[in-house]
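Asks: Coordinates in data.cif, mmCIF, C-alpha atoms and all ligand atoms, are listed below.
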data_work
#
loop_
_atom_site.label_atom_id
_atom_site.label_comp_id
_atom_site.auth_asym_id
_atom_site.auth_seq_id
_atom_site.Cartn_x
_atom_site.Cartn_y
_atom_site.Cartn_z
CA MET A 294 83.67 -150.07 -203.61
CA THR A 295 81.06 -147.32 -204.00
CA SER A 296 77.99 -149.47 -203.49
CA ASP A 297 79.28 -151.80 -200.77
CA SER A 298 81.14 -149.26 -198.65
CA PHE A 299 79.93 -149.44 -195.06
CA LEU A 300 80.97 -145.91 -194.18
CA ASP A 301 80.76 -143.41 -197.02
CA VAL A 302 81.85 -139.85 -196.35
CA ALA A 303 81.37 -137.71 -199.46
CA GLY A 304 82.51 -134.14 -200.02
CA ALA A 305 82.96 -133.26 -196.33
CA GLU A 306 83.83 -129.58 -196.00
CA LYS A 307 84.56 -127.57 -192.88
CA ALA A 308 85.86 -124.06 -192.31
CA PHE A 309 86.51 -122.25 -189.04
CA GLY A 310 86.26 -118.46 -189.24
CA GLY A 311 86.74 -118.45 -193.00
CA VAL A 312 89.74 -120.80 -192.89
CA THR A 313 89.15 -124.09 -194.71
CA VAL A 314 90.12 -127.03 -192.52
CA LEU A 315 88.55 -129.83 -194.61
CA GLY A 316 88.33 -129.19 -198.33
CA GLY A 317 85.79 -131.73 -199.56
CA VAL A 318 86.99 -135.05 -198.17
CA ASP A 319 85.77 -138.39 -199.57
CA LEU A 320 86.35 -141.50 -197.47
CA ARG A 321 84.89 -144.93 -198.14
CA VAL A 322 85.42 -147.74 -195.66
CA ALA A 323 84.36 -151.37 -196.13
CA ALA A 324 82.58 -153.35 -193.41
CA GLY A 325 85.07 -154.74 -190.88
CA GLU A 326 87.91 -152.63 -192.24
CA PHE A 327 90.44 -150.82 -190.05
CA ILE A 328 91.40 -147.45 -191.56
CA SER A 329 93.98 -145.03 -190.14
CA LEU A 330 93.93 -141.31 -190.74
CA LEU A 331 97.60 -140.35 -190.71
CA GLY A 332 98.92 -136.83 -191.04
CA PRO A 333 100.76 -133.95 -189.38
CA SER A 334 99.35 -131.86 -186.57
CA GLY A 335 96.58 -129.55 -187.76
CA CYS A 336 95.80 -131.39 -191.03
CA GLY A 337 92.18 -132.02 -190.01
CA LYS A 338 92.16 -135.59 -188.64
CA THR A 339 90.24 -134.84 -185.45
CA THR A 340 87.87 -132.52 -187.32
CA LEU A 341 86.97 -135.32 -189.76
CA LEU A 342 86.49 -137.78 -186.90
CA ARG A 343 84.26 -135.37 -184.96
CA ILE A 344 82.13 -134.82 -188.06
CA ILE A 345 81.65 -138.58 -188.49
CA ALA A 346 80.80 -138.92 -184.78
CA GLY A 347 78.31 -136.04 -184.97
CA LEU A 348 80.20 -133.91 -182.44
CA LEU A 349 80.73 -131.26 -185.11
CA ALA A 350 78.54 -130.30 -188.08
CA ALA A 351 80.12 -130.27 -191.55
CA ASP A 352 79.44 -127.20 -193.72
CA ARG A 353 78.78 -129.48 -196.67
CA GLY A 354 78.84 -133.17 -197.55
CA SER A 355 77.10 -136.39 -196.62
CA ILE A 356 77.84 -139.29 -194.30
CA ARG A 357 76.28 -142.69 -194.88
CA LEU A 358 76.71 -145.58 -192.45
CA ASP A 359 75.40 -149.04 -193.30
CA GLY A 360 73.22 -147.59 -196.05
CA GLU A 361 71.67 -144.77 -194.03
CA GLU A 362 72.36 -141.05 -194.15
CA ILE A 363 73.42 -140.11 -190.61
CA GLY A 364 74.73 -136.58 -191.21
CA ALA A 365 71.73 -134.91 -189.59
CA ARG A 366 71.49 -137.22 -186.57
CA PRO A 367 72.74 -136.34 -183.09
CA PRO A 368 75.77 -138.35 -181.86
CA HIS A 369 73.81 -140.80 -179.70
CA ARG A 370 71.64 -141.81 -182.66
CA ARG A 371 74.49 -142.65 -185.03
CA ASP A 372 75.53 -146.04 -183.62
CA VAL A 373 79.11 -144.81 -183.47
CA GLY A 374 81.48 -145.43 -180.55
CA VAL A 375 84.25 -142.96 -179.77
CA VAL A 376 87.52 -143.33 -177.84
CA PHE A 377 89.67 -140.25 -177.39
CA GLN A 378 93.15 -139.69 -176.04
CA ASN A 379 92.77 -139.54 -172.23
CA TYR A 380 89.13 -140.40 -172.57
CA ALA A 381 87.38 -139.27 -169.43
CA LEU A 382 86.01 -142.29 -167.62
CA PHE A 383 83.43 -141.71 -164.90
CA PRO A 384 85.82 -141.38 -161.94
CA HIS A 385 83.28 -142.19 -159.21
CA LEU A 386 82.34 -145.52 -160.88
CA THR A 387 84.10 -148.88 -160.86
CA VAL A 388 85.55 -150.52 -163.96
CA ALA A 389 82.46 -152.72 -164.38
CA GLU A 390 80.08 -149.78 -163.83
CA ASN A 391 81.89 -147.76 -166.48
CA ILE A 392 81.52 -150.57 -169.01
CA ALA A 393 77.85 -151.04 -168.05
CA PHE A 394 77.07 -147.32 -168.37
CA GLY A 395 76.12 -147.24 -172.05
CA LEU A 396 74.11 -150.44 -171.76
CA LYS A 397 72.03 -149.00 -168.91
CA ALA A 398 71.56 -145.70 -170.75
CA ARG A 399 70.26 -147.68 -173.74
CA LYS A 400 67.93 -149.59 -171.41
CA HIS A 401 69.33 -153.03 -172.10
CA PRO A 402 67.56 -155.69 -169.98
CA ALA A 403 69.22 -155.95 -166.56
CA GLY A 404 69.77 -159.69 -167.01
CA GLU A 405 71.92 -159.08 -170.13
CA ILE A 406 74.09 -156.35 -168.72
CA GLY A 407 76.05 -158.54 -166.28
CA PRO A 408 77.11 -161.15 -168.87
CA THR A 409 77.97 -158.46 -171.46
CA VAL A 410 80.13 -156.57 -168.97
CA ARG A 411 81.91 -159.80 -167.98
CA ARG A 412 82.55 -160.66 -171.63
CA PHE A 413 84.13 -157.27 -172.35
CA LEU A 414 86.11 -157.31 -169.11
CA SER A 415 87.59 -160.57 -170.25
CA LEU A 416 88.23 -159.34 -173.81
CA VAL A 417 90.31 -156.44 -172.49
CA HIS A 418 91.94 -158.60 -169.80
CA LEU A 419 90.47 -156.72 -166.83
CA THR A 420 88.32 -159.45 -165.24
CA ASP A 421 90.16 -159.16 -161.93
CA PHE A 422 89.66 -155.38 -161.86
CA ALA A 423 85.86 -155.32 -162.22
CA ASP A 424 85.14 -153.80 -158.80
CA ARG A 425 88.09 -151.45 -158.65
CA SER A 426 87.65 -147.69 -158.94
CA VAL A 427 88.92 -146.46 -162.31
CA ARG A 428 90.97 -143.90 -160.38
CA ALA A 429 93.13 -146.77 -159.16
CA LEU A 430 94.13 -147.93 -162.66
CA SER A 431 97.21 -147.29 -164.78
CA GLY A 432 96.91 -145.28 -168.01
CA GLY A 433 96.90 -148.41 -170.16
CA GLN A 434 94.22 -150.05 -168.01
CA GLN A 435 92.08 -146.91 -168.22
CA GLN A 436 92.33 -146.89 -172.02
CA ARG A 437 91.25 -150.56 -172.07
CA VAL A 438 88.20 -149.63 -169.98
CA ALA A 439 87.44 -146.82 -172.46
CA VAL A 440 87.69 -149.24 -175.39
CA ALA A 441 85.50 -151.84 -173.60
CA ARG A 442 82.93 -149.18 -172.71
CA ALA A 443 82.73 -147.98 -176.32
CA LEU A 444 82.45 -151.53 -177.71
CA ALA A 445 79.99 -152.95 -175.15
CA VAL A 446 77.04 -151.24 -176.86
CA LYS A 447 78.08 -152.90 -180.16
CA PRO A 448 78.45 -149.77 -182.27
CA LYS A 449 78.47 -150.15 -186.05
CA LEU A 450 81.58 -148.04 -186.20
CA LEU A 451 84.36 -147.31 -183.71
CA LEU A 452 86.26 -144.02 -183.96
CA LEU A 453 89.55 -143.66 -182.09
CA ASP A 454 91.52 -140.42 -181.80
CA GLU A 455 95.13 -141.08 -180.78
CA PRO A 456 93.95 -143.38 -177.98
CA PHE A 457 97.43 -144.67 -177.09
CA SER A 458 99.58 -141.56 -177.46
CA ALA A 459 99.94 -141.06 -173.69
CA LEU A 460 101.20 -144.61 -173.13
CA ASP A 461 104.82 -145.72 -173.07
CA ARG A 462 106.14 -147.51 -176.12
CA LYS A 463 105.90 -151.10 -174.88
CA LEU A 464 102.36 -150.67 -173.59
CA ARG A 465 101.36 -148.83 -176.76
CA GLU A 466 102.59 -151.71 -178.92
CA ASN A 467 100.69 -154.23 -176.77
CA MET A 468 97.52 -152.15 -176.99
CA GLN A 469 97.84 -151.88 -180.78
CA ILE A 470 97.95 -155.66 -181.14
CA GLU A 471 95.18 -156.18 -178.57
CA LEU A 472 92.84 -153.65 -180.16
CA ARG A 473 93.37 -155.14 -183.60
CA ARG A 474 92.59 -158.65 -182.28
CA LEU A 475 89.50 -157.41 -180.46
CA LEU A 476 88.06 -155.59 -183.48
CA ARG A 477 88.69 -158.59 -185.75
CA GLU A 478 87.00 -160.88 -183.25
CA LEU A 479 83.96 -158.61 -183.06
CA GLY A 480 83.99 -157.69 -186.78
CA ILE A 481 83.87 -153.97 -185.95
CA THR A 482 84.70 -151.31 -188.55
CA ALA A 483 87.10 -148.69 -187.22
CA VAL A 484 88.62 -145.33 -188.15
CA PHE A 485 91.75 -144.63 -186.13
CA VAL A 486 93.51 -141.27 -185.98
CA THR A 487 97.25 -141.14 -185.44
CA HIS A 488 100.24 -139.05 -186.40
CA ASP A 489 102.52 -142.02 -185.70
CA GLN A 490 103.41 -143.70 -188.99
CA ASP A 491 104.60 -146.93 -187.34
CA GLU A 492 101.29 -147.25 -185.55
CA ALA A 493 99.42 -146.72 -188.84
CA LEU A 494 101.62 -149.15 -190.77
CA THR A 495 101.25 -151.90 -188.13
CA MET A 496 97.53 -151.68 -187.49
CA SER A 497 95.75 -150.66 -190.67
CA ASP A 498 94.07 -152.47 -193.53
CA ARG A 499 94.40 -149.16 -195.36
CA ILE A 500 95.92 -145.79 -194.48
CA ALA A 501 94.53 -142.40 -195.51
CA VAL A 502 97.43 -139.94 -195.53
CA MET A 503 96.08 -136.44 -194.91
CA ASN A 504 97.65 -133.09 -195.66
CA ARG A 505 96.02 -129.67 -195.24
CA GLY A 506 92.46 -130.90 -195.04
CA ALA A 507 92.67 -133.41 -197.91
CA ILE A 508 93.41 -137.11 -198.28
CA GLU A 509 96.48 -137.35 -200.54
CA GLN A 510 96.49 -141.15 -200.73
CA LEU A 511 94.28 -143.95 -199.42
CA ALA A 512 95.89 -147.35 -199.87
CA GLU A 513 97.24 -150.45 -198.14
CA PRO A 514 100.31 -149.86 -195.95
CA ALA A 515 102.71 -151.57 -198.38
CA THR A 516 101.45 -149.45 -201.29
CA ILE A 517 101.76 -146.26 -199.25
CA TYR A 518 105.36 -147.18 -198.45
CA ARG A 519 106.47 -148.53 -201.84
CA SER A 520 104.52 -146.24 -204.15
CA PRO A 521 103.78 -142.94 -202.38
CA ALA A 522 101.37 -141.01 -204.60
CA THR A 523 102.88 -137.61 -203.81
CA ALA A 524 106.12 -136.12 -202.50
CA PHE A 525 104.26 -135.29 -199.28
CA VAL A 526 103.30 -138.94 -198.68
CA LEU A 527 106.88 -139.98 -199.48
CA GLU A 528 108.28 -137.61 -196.87
CA PHE A 529 105.64 -138.22 -194.24
CA VAL A 530 105.79 -142.03 -194.29
CA GLY A 531 109.19 -143.68 -193.98
CA LEU A 532 112.67 -142.49 -194.81
CA SER A 533 114.18 -141.94 -198.24
CA SER A 534 117.17 -140.65 -200.16
CA ARG A 535 116.12 -137.61 -202.17
CA ILE A 536 117.93 -135.99 -205.07
CA SER A 537 116.71 -132.96 -206.98
CA GLY A 538 117.33 -132.51 -210.67
CA THR A 539 116.12 -131.40 -214.09
CA VAL A 540 114.56 -133.64 -216.72
CA VAL A 541 116.75 -133.72 -219.84
CA GLY A 542 114.94 -136.34 -221.88
CA GLN A 543 113.05 -139.57 -222.19
CA ASP A 544 114.59 -142.99 -222.84
CA TYR A 545 111.69 -145.27 -223.75
CA GLU A 546 109.81 -145.79 -220.47
CA HIS A 547 112.44 -143.96 -218.38
CA VAL A 548 112.86 -140.30 -217.52
CA VAL A 549 116.47 -139.10 -217.70
CA VAL A 550 117.35 -136.55 -215.01
CA ASP A 551 120.44 -134.37 -214.64
CA THR A 552 121.54 -134.22 -210.99
CA ALA A 553 124.55 -133.05 -209.00
CA TYR A 554 125.72 -136.68 -209.06
CA GLY A 555 125.34 -137.27 -212.79
CA GLN A 556 122.44 -138.53 -214.89
CA LEU A 557 119.91 -140.75 -213.13
CA ARG A 558 116.82 -142.53 -214.45
CA ALA A 559 113.33 -143.21 -213.14
CA PRO A 560 110.28 -144.97 -214.55
CA GLY A 561 107.63 -142.57 -215.90
CA SER A 562 107.44 -139.58 -218.20
CA PHE A 563 108.04 -135.88 -217.63
CA VAL A 564 108.50 -132.98 -220.01
CA PRO A 565 112.13 -131.94 -220.59
CA GLY A 566 113.11 -128.98 -218.41
CA ALA A 567 110.83 -130.02 -215.51
CA SER A 568 112.27 -129.70 -212.01
CA VAL A 569 111.86 -133.01 -210.22
CA VAL A 570 112.83 -134.88 -207.07
CA LEU A 571 114.08 -138.45 -207.32
CA ALA A 572 113.71 -140.68 -204.28
CA VAL A 573 114.72 -144.17 -203.19
CA ARG A 574 113.80 -146.00 -199.99
CA PRO A 575 116.97 -146.53 -197.95
CA GLU A 576 116.80 -150.34 -197.80
CA ARG A 577 116.62 -150.53 -201.62
CA ILE A 578 120.10 -148.99 -201.98
CA LYS A 579 123.11 -151.31 -202.17
CA VAL A 580 126.50 -150.16 -200.93
CA ASN A 581 129.68 -151.13 -202.81
CA ALA A 582 127.88 -153.97 -204.57
CA PRO A 583 129.58 -155.44 -207.65
CA GLY A 584 128.19 -154.26 -211.00
CA ASP A 585 126.41 -151.03 -211.85
CA TYR A 586 126.14 -148.19 -209.41
CA ALA A 587 124.38 -144.86 -209.60
CA LEU A 588 126.75 -142.54 -207.78
CA VAL A 589 129.71 -142.22 -205.44
CA ALA A 590 129.25 -140.47 -202.09
CA ARG A 591 131.32 -139.73 -199.00
CA LEU A 592 130.08 -141.13 -195.67
CA ARG A 593 129.11 -138.48 -193.10
CA ASP A 594 128.15 -140.85 -190.30
CA ALA A 595 127.02 -144.38 -189.53
CA VAL A 596 124.29 -144.93 -186.94
CA PHE A 597 124.03 -148.34 -185.29
CA GLN A 598 120.38 -149.32 -184.71
CA GLY A 599 120.56 -152.89 -183.47
CA SER A 600 119.21 -154.95 -186.35
CA LYS A 601 120.42 -152.46 -188.97
CA VAL A 602 122.79 -149.59 -189.64
CA GLN A 603 121.86 -146.23 -191.15
CA LEU A 604 124.50 -144.63 -193.34
CA HIS A 605 124.23 -140.91 -193.99
CA PHE A 606 126.24 -139.41 -196.84
CA GLU A 607 127.39 -135.94 -197.75
CA ALA A 608 124.94 -134.45 -200.22
CA ARG A 609 124.26 -131.18 -201.96
CA ASP A 610 122.06 -128.69 -200.06
CA GLY A 611 118.45 -129.82 -200.15
CA ASP A 612 119.38 -133.36 -201.17
CA HIS A 613 119.55 -136.24 -198.76
CA LEU A 614 121.52 -139.45 -199.21
CA MET A 615 120.92 -142.27 -196.77
CA VAL A 616 121.10 -146.06 -196.83
CA GLU A 617 119.88 -148.71 -194.45
CA THR A 618 121.71 -151.99 -194.39
CA ALA A 619 121.36 -155.11 -192.27
CA ASP A 620 124.72 -156.47 -193.42
CA LEU A 621 127.02 -155.61 -190.52
CA SER A 622 129.74 -158.16 -191.26
CA ASP A 623 132.45 -155.56 -191.97
CA GLY A 624 131.70 -153.41 -188.91
CA LEU A 625 130.85 -149.71 -189.09
CA PRO A 626 132.67 -147.85 -191.89
CA ALA A 627 134.59 -144.71 -190.91
CA PRO A 628 133.22 -141.25 -191.73
CA GLY A 629 134.89 -139.86 -194.86
CA THR A 630 134.95 -143.22 -196.64
CA GLU A 631 133.86 -143.00 -200.28
CA MET A 632 131.22 -145.56 -201.20
CA ARG A 633 129.37 -146.58 -204.35
CA LEU A 634 125.59 -146.46 -204.06
CA GLY A 635 123.49 -148.46 -206.48
CA TRP A 636 119.80 -149.23 -206.91
CA ALA A 637 117.36 -150.47 -209.51
CA VAL A 638 115.76 -147.93 -211.83
CA ALA A 639 112.44 -149.64 -211.00
CA ASP A 640 112.94 -148.63 -207.34
CA THR A 641 113.37 -144.95 -208.22
CA LEU A 642 110.43 -142.70 -207.40
CA ILE A 643 109.99 -139.36 -209.15
CA TYR A 644 107.87 -136.31 -208.25
CA PRO A 645 107.54 -132.76 -209.49
CA ALA A 646 109.66 -130.45 -207.31
CA SER A 647 107.44 -128.43 -204.97
N1 LIG B 701 86.76 -125.25 -182.99
C1 LIG B 701 87.72 -124.76 -183.77
N2 LIG B 701 87.80 -123.43 -184.04
C2 LIG B 701 88.75 -122.93 -184.85
N3 LIG B 701 89.70 -123.68 -185.44
C3 LIG B 701 89.70 -124.99 -185.20
C4 LIG B 701 88.72 -125.60 -184.34
N4 LIG B 701 88.97 -126.95 -184.31
C5 LIG B 701 90.06 -127.14 -185.09
N5 LIG B 701 90.50 -125.98 -185.62
C6 LIG B 701 91.64 -125.84 -186.54
O1 LIG B 701 91.47 -126.74 -187.60
C7 LIG B 701 92.70 -127.30 -187.99
C8 LIG B 701 92.61 -128.82 -187.94
O2 LIG B 701 92.46 -129.21 -186.60
P1 LIG B 701 92.39 -130.74 -186.16
O3 LIG B 701 92.14 -130.77 -184.71
O4 LIG B 701 91.39 -131.44 -187.02
O5 LIG B 701 93.85 -131.24 -186.52
P2 LIG B 701 94.52 -132.67 -186.26
O6 LIG B 701 94.90 -133.20 -187.60
O7 LIG B 701 93.64 -133.51 -185.42
O8 LIG B 701 95.84 -132.26 -185.47
P3 LIG B 701 96.57 -132.96 -184.21
O9 LIG B 701 97.42 -134.07 -184.79
O10 LIG B 701 97.40 -131.87 -183.64
O11 LIG B 701 95.53 -133.46 -183.26
C9 LIG B 701 93.75 -126.72 -187.08
O12 LIG B 701 94.37 -125.67 -187.75
C10 LIG B 701 92.95 -126.22 -185.90
O13 LIG B 701 93.58 -125.13 -185.30
MG MG B 702 93.78 -134.26 -183.47
#
Give the structure from this file in structure tokens form.
Ligand SMILES: Nc1ncnc2c1ncn2[C@@H]1O[C@H](COP(=O)(O)OP(=O)(O)OP(=O)(O)O)[C@@H](O)[C@H]1O
Ligand SMILES: [Mg+2]

Replies:
Amino acid sequence: MTSDSFLDVAGAEKAFGGVTVLGGVDLRVAAGEFISLLGPSGCGKTTLLRIIAGLLAADRGSIRLDGEEIGARPPHRRDVGVVFQNYALFPHLTVAENIAFGLKARKHPAGEIGPTVRRFLSLVHLTDFADRSVRALSGGQQQRVAVARALAVKPKLLLLDEPFSALDRKLRENMQIELRRLLRELGITAVFVTHDQDEALTMSDRIAVMNRGAIEQLAEPATIYRSPATAFVLEFVGLSSRISGTVVGQDYEHVVVDTAYGQLRAPGSFVPGASVVLAVRPERIKVNAPGDYALVARLRDAVFQGSKVQLHFEARDGDHLMVETADLSDGLPAPGTEMRLGWAVADTLIYPAS
């Protein structure tokens, strides 16, 4: 993807007062792609976004957009639109005037501005609000104005920093779907910052999981979930059962691990004596299924979640045993019940213990 990447951030470094916040980040995004930066608070997501937007200078590294080096350009000459959380609209202007603002500043012909504003009003479903003051809008409506204002000037790249985090869940989910539709329709490339894994999984073509100023994995949502590259990605995205142990040997393509629950296997290879963590996604574990099982555990509690039930089991300190099942035919089992847990060796993930 090197040659045809639309946005190419290479070796971006940033330190504040001697503390490294970005440690040489590479990020390549294809034209029309929607990428999420996902990671815990303080990992450097906003810093990376501000560097791409030109609101902050990197200490080192280059940024290419559509074949041109833009790292030295001021923000307004980068062709990049930005939408922040609680983006400040111009409060004394109407909805339509806010959307028209960037077009006027860029000296678009007056005859084009009206039709463009009407088109974007309609795209964000605010046609009937054109002449209303933005002060008289709900939070969700204000964010739609901010998105329309950023897109009306047809930027090459749209950057969004947690734009929906102040909205309630239902509205947030609507906005996620609407934004995705809008960007597809317009063919706009976007980098979207969030610390909400569900938001990243739903919206993204690919997710960059960040930790301490570095991208630990950049992959499609299903790959991030099924094959987390590191123990950090495993823990940050989705739930899992986790069992620590020591490698005792190799059985062809499987690692054999001694654990508090007996010997377990995982695909891969590790040196004997290595401390490792085994992990399984909770929906891959079968409860009391006929045939082979991996271990027996005592139920601590069962949590009803509508379409599924989470079962949490007693586990050794530091370990975590949980199962998600959609099969509710027998009702909720009572705490204290002993159950057999089984899963495929192929579904077992293995990481060096941290
Ligand atoms: N101007 C600054 N001066 C000093 N330190 C800063 C500055 N901006 C950011 N930092 C520090 O850099 C680190 C990364 O900050 P950043 O805002 O990029 O995190 P983030 O991933 O966006 O977090 P959040 O999810 O909380 O928004 C943090 O430790 C932060 O305190
Ligand atoms: Mg941030």

Asks: Counting all atoms listed in the file, what are the residues, protein, DNA or RNA alike, that approach ligand MG 702 (chain B) to within 10 Å? I want them as a ChimeraX atom specification.

Replies: /A:332-343,377-378,454-455,486-488

Asks: Record the distance separating CA of Leu453 (chain A) and CA of Phe413 (chain A), expressed in Å with one decimal.

Replies: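 Spanning CA of Leu453 (chain A) to CA of Phe413 (chain A) is a straight-line distance of 17.6 Å.
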
Asks: Provide the CA of Gly304 (chain A) to CA of Val446 (chain A) distance in Å, to one decimal place.

Replies: 29.3 Å

Asks: Identify, on the basis of all atoms listed in the file, every residue whose closest approach to Ser329 (chain A) does not exceed 9 Å; exclude the query and any residue fewer than 5 positions from it along the same chain; express the result as a list of chain:residue names.

Replies: A:Ala483, A:Val484, A:Phe485, A:Val486, A:Thr487, A:Glu492, A:Ala493, A:Leu494, A:Met496, A:Ser497, A:Asp498, A:Arg499, A:Ile500, A:Ala501, A:Val502

Asks: One decimal, in Å: what's the spacing between CA of Ser415 (chain A) and CA of Val322 (chain A)?

Replies: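 Computing the Euclidean distance for CA of Ser415 (chain A) and CA of Val322 (chain A) yields 28.5 Å.
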
Asks: Check the smallest atom-to-atom distance from each of A:Ala323, A:Ile328, A:Ile344, A:Ile470 to ligand LIG 701 (chain B) using all atoms listed in the file, then report the winner.

Replies: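 That would be A:Ile344, the residue with the smallest distance to ligand LIG 701 (chain B).
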
Asks: Within 10 Å of region 559-571 of chain A, counting all atoms listed in the file, which residues qualify if same-chain residues fewer than 5 places away don't, as a PyMOL selection string?

Replies: chain A and resi 524+533-552+612+637-647

Asks: Extending 6 Å beyond the listed atoms of ligand LIG 701 (chain B) on each side, what axis-aligned box results? I want centre and edge lengths in Å to one decimal, as JSON.

Replies:
{"center_x": 92.1, "center_y": -128.5, "center_z": -185.5, "size_x": 22.7, "size_y": 23.1, "size_z": 17.0}

Asks: Mind listing as a list of chain:residue names all residues within 12 Å of (86.9, -158.0, -163.3), counting all atoms listed in the file?

Replies: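 Selection result: A:Thr387, A:Val388, A:Ala389, A:Glu390, A:Asn391, A:Ile392, A:Gly407, A:Pro408, A:Val410, A:Arg411, A:Arg412, A:Phe413, A:Leu414, A:Ser415, A:Leu416, A:Val417, A:His418, A:Leu419, A:Thr420, A:Asp421, A:Phe422, A:Ala423, A:Asp424, A:Arg425, A:Ser426, A:Val427, A:Gln434, A:Val438.
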
Asks: Which is closer to Met503 (chain A) than all the others in A:Asp491, A:Phe457, A:Val526, A:Ile363, using all atoms listed in the file?

Replies: A:Val526

Asks: Can you find the residues with an atom no farther than 12 Å from (80.9, -134.3, -180.4), counting all atoms listed in the file, and report them as a list in words?

Replies: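 Returned residue set, sorted by chain then number, is Thr339, Thr340, Leu341, Leu342, Arg343, Ile344, Ile345, Ala346, Gly347, Leu348, Leu349, Ala350, Ala351, Arg366, Pro367, Pro368, His369, Arg371, Val373, Gly374, Val375, Val376, Phe377 and Leu452 of chain A.
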
Asks: Could you check which of A:Val573, A:Ile356, A:Ala429, A:Leu625 is closest to Ala595 (chain A), using only C-alpha atoms?

Replies: A:Leu625

Asks: Skip Asp359 (chain A) itself and residues of its chain fewer than 3 positions away, then list as an MDAnalysis selection string all residues within 9 Å of it, counting all atoms listed in the file.

Replies: chainID A and resid 297:301 324 362 449

Asks: Store the residues picked out above in a file with C-alpha atoms, as a PDB file, keeping the file's coordinate frame.

Replies:
ATOM      1  CA  ASP A 297      79.280-151.800-200.770  1.00  0.00           C
ATOM      2  CA  SER A 298      81.140-149.260-198.650  1.00  0.00           C
ATOM      3  CA  PHE A 299      79.930-149.440-195.060  1.00  0.00           C
ATOM      4  CA  LEU A 300      80.970-145.910-194.180  1.00  0.00           C
ATOM      5  CA  ASP A 301      80.760-143.410-197.020  1.00  0.00           C
ATOM      6  CA  ALA A 324      82.580-153.350-193.410  1.00  0.00           C
ATOM      7  CA  GLU A 362      72.360-141.050-194.150  1.00  0.00           C
ATOM      8  CA  LYS A 449      78.470-150.150-186.050  1.00  0.00           C
TER       9      LYS A 449
END

Asks: Please identify all polymer residues within 7 Å of region 601-606 of chain A, counting only C-alpha atoms, omitting same-chain residues fewer than 5 positions from it, and present them as a ChimeraX atom specification.

Replies: /A:590-596,614-619

Asks: Counting all atoms listed in the file, figure out which residue out of A:Ser520, A:Thr630, A:Ser431, A:Thr313 gets nearest to ligand LIG 701 (chain B).

Replies: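 Nearest to ligand LIG 701 (chain B): A:Thr313.
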
Asks: Using all atoms listed in the file, which residues sit within 6 Å of Pro384 (chain A) once same-chain residues fewer than 2 positions away are excluded, as a PDB file with C-alpha atoms, keeping the file's coordinate frame?

Replies:
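Result written to part_16.pdb:
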ATOM      1  CA  LEU A 382      86.010-142.290-167.620  1.00  0.00           C
ATOM      2  CA  LEU A 386      82.340-145.520-160.880  1.00  0.00           C
ATOM      3  CA  VAL A 427      88.920-146.460-162.310  1.00  0.00           C
ATOM      4  CA  ARG A 428      90.970-143.900-160.380  1.00  0.00           C
TER       5      ARG A 428
END

Asks: Can you work out which one of A:Asp620, A:Asp585, A:Glu528, A:Glu306 has the shortest atom-to-atom distance to ligand LIG 701 (chain B), counting only C-alpha atoms and all ligand atoms?

Replies: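 Between A:Asp620, A:Asp585, A:Glu528, A:Glu306, the residue approaching ligand LIG 701 (chain B) most closely is A:Glu306.
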
Asks: When distances are computed from all atoms listed in the file, which of A:Tyr554, A:Phe309, A:Phe394, A:Trp636 shows the smallest separation from ligand LIG 701 (chain B)?

Replies: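 Using all atoms listed in the file, ligand LIG 701 (chain B) sits closest to A:Phe309.
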
Asks: From the structure block, carefully write region 434-440 of chain A out with N, CA, C and O atoms; format it as a PDB file, in the first residue's frame.

Replies:
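Result written to decode.pdb:
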ATOM      1  N   GLN A 434     -27.825  17.871  16.766  1.00  0.00           N
ATOM      2  CA  GLN A 434     -27.992  18.758  15.608  1.00  0.00           C
ATOM      3  C   GLN A 434     -26.757  19.640  15.428  1.00  0.00           C
ATOM      4  O   GLN A 434     -26.304  19.868  14.312  1.00  0.00           O
ATOM      5  N   GLN A 435     -26.198  20.117  16.538  1.00  0.00           N
ATOM      6  CA  GLN A 435     -24.988  20.946  16.440  1.00  0.00           C
ATOM      7  C   GLN A 435     -23.824  20.161  15.830  1.00  0.00           C
ATOM      8  O   GLN A 435     -23.072  20.684  15.011  1.00  0.00           O
ATOM      9  N   GLN A 436     -23.680  18.881  16.240  1.00  0.00           N
ATOM     10  CA  GLN A 436     -22.587  18.083  15.676  1.00  0.00           C
ATOM     11  C   GLN A 436     -22.805  17.858  14.185  1.00  0.00           C
ATOM     12  O   GLN A 436     -21.858  17.797  13.409  1.00  0.00           O
ATOM     13  N   ARG A 437     -24.067  17.730  13.758  1.00  0.00           N
ATOM     14  CA  ARG A 437     -24.342  17.563  12.319  1.00  0.00           C
ATOM     15  C   ARG A 437     -23.977  18.834  11.561  1.00  0.00           C
ATOM     16  O   ARG A 437     -23.458  18.769  10.444  1.00  0.00           O
ATOM     17  N   VAL A 438     -24.225  19.998  12.173  1.00  0.00           N
ATOM     18  CA  VAL A 438     -23.812  21.259  11.531  1.00  0.00           C
ATOM     19  C   VAL A 438     -22.283  21.284  11.416  1.00  0.00           C
ATOM     20  O   VAL A 438     -21.724  21.658  10.378  1.00  0.00           O
ATOM     21  N   ALA A 439     -21.597  20.856  12.481  1.00  0.00           N
ATOM     22  CA  ALA A 439     -20.124  20.861  12.462  1.00  0.00           C
ATOM     23  C   ALA A 439     -19.589  19.952  11.360  1.00  0.00           C
ATOM     24  O   ALA A 439     -18.641  20.302  10.650  1.00  0.00           O
ATOM     25  N   VAL A 440     -20.212  18.774  11.203  1.00  0.00           N
ATOM     26  CA  VAL A 440     -19.790  17.844  10.150  1.00  0.00           C
ATOM     27  C   VAL A 440     -20.058  18.461   8.782  1.00  0.00           C
ATOM     28  O   VAL A 440     -19.201  18.448   7.888  1.00  0.00           O
TER      29      VAL A 440
END
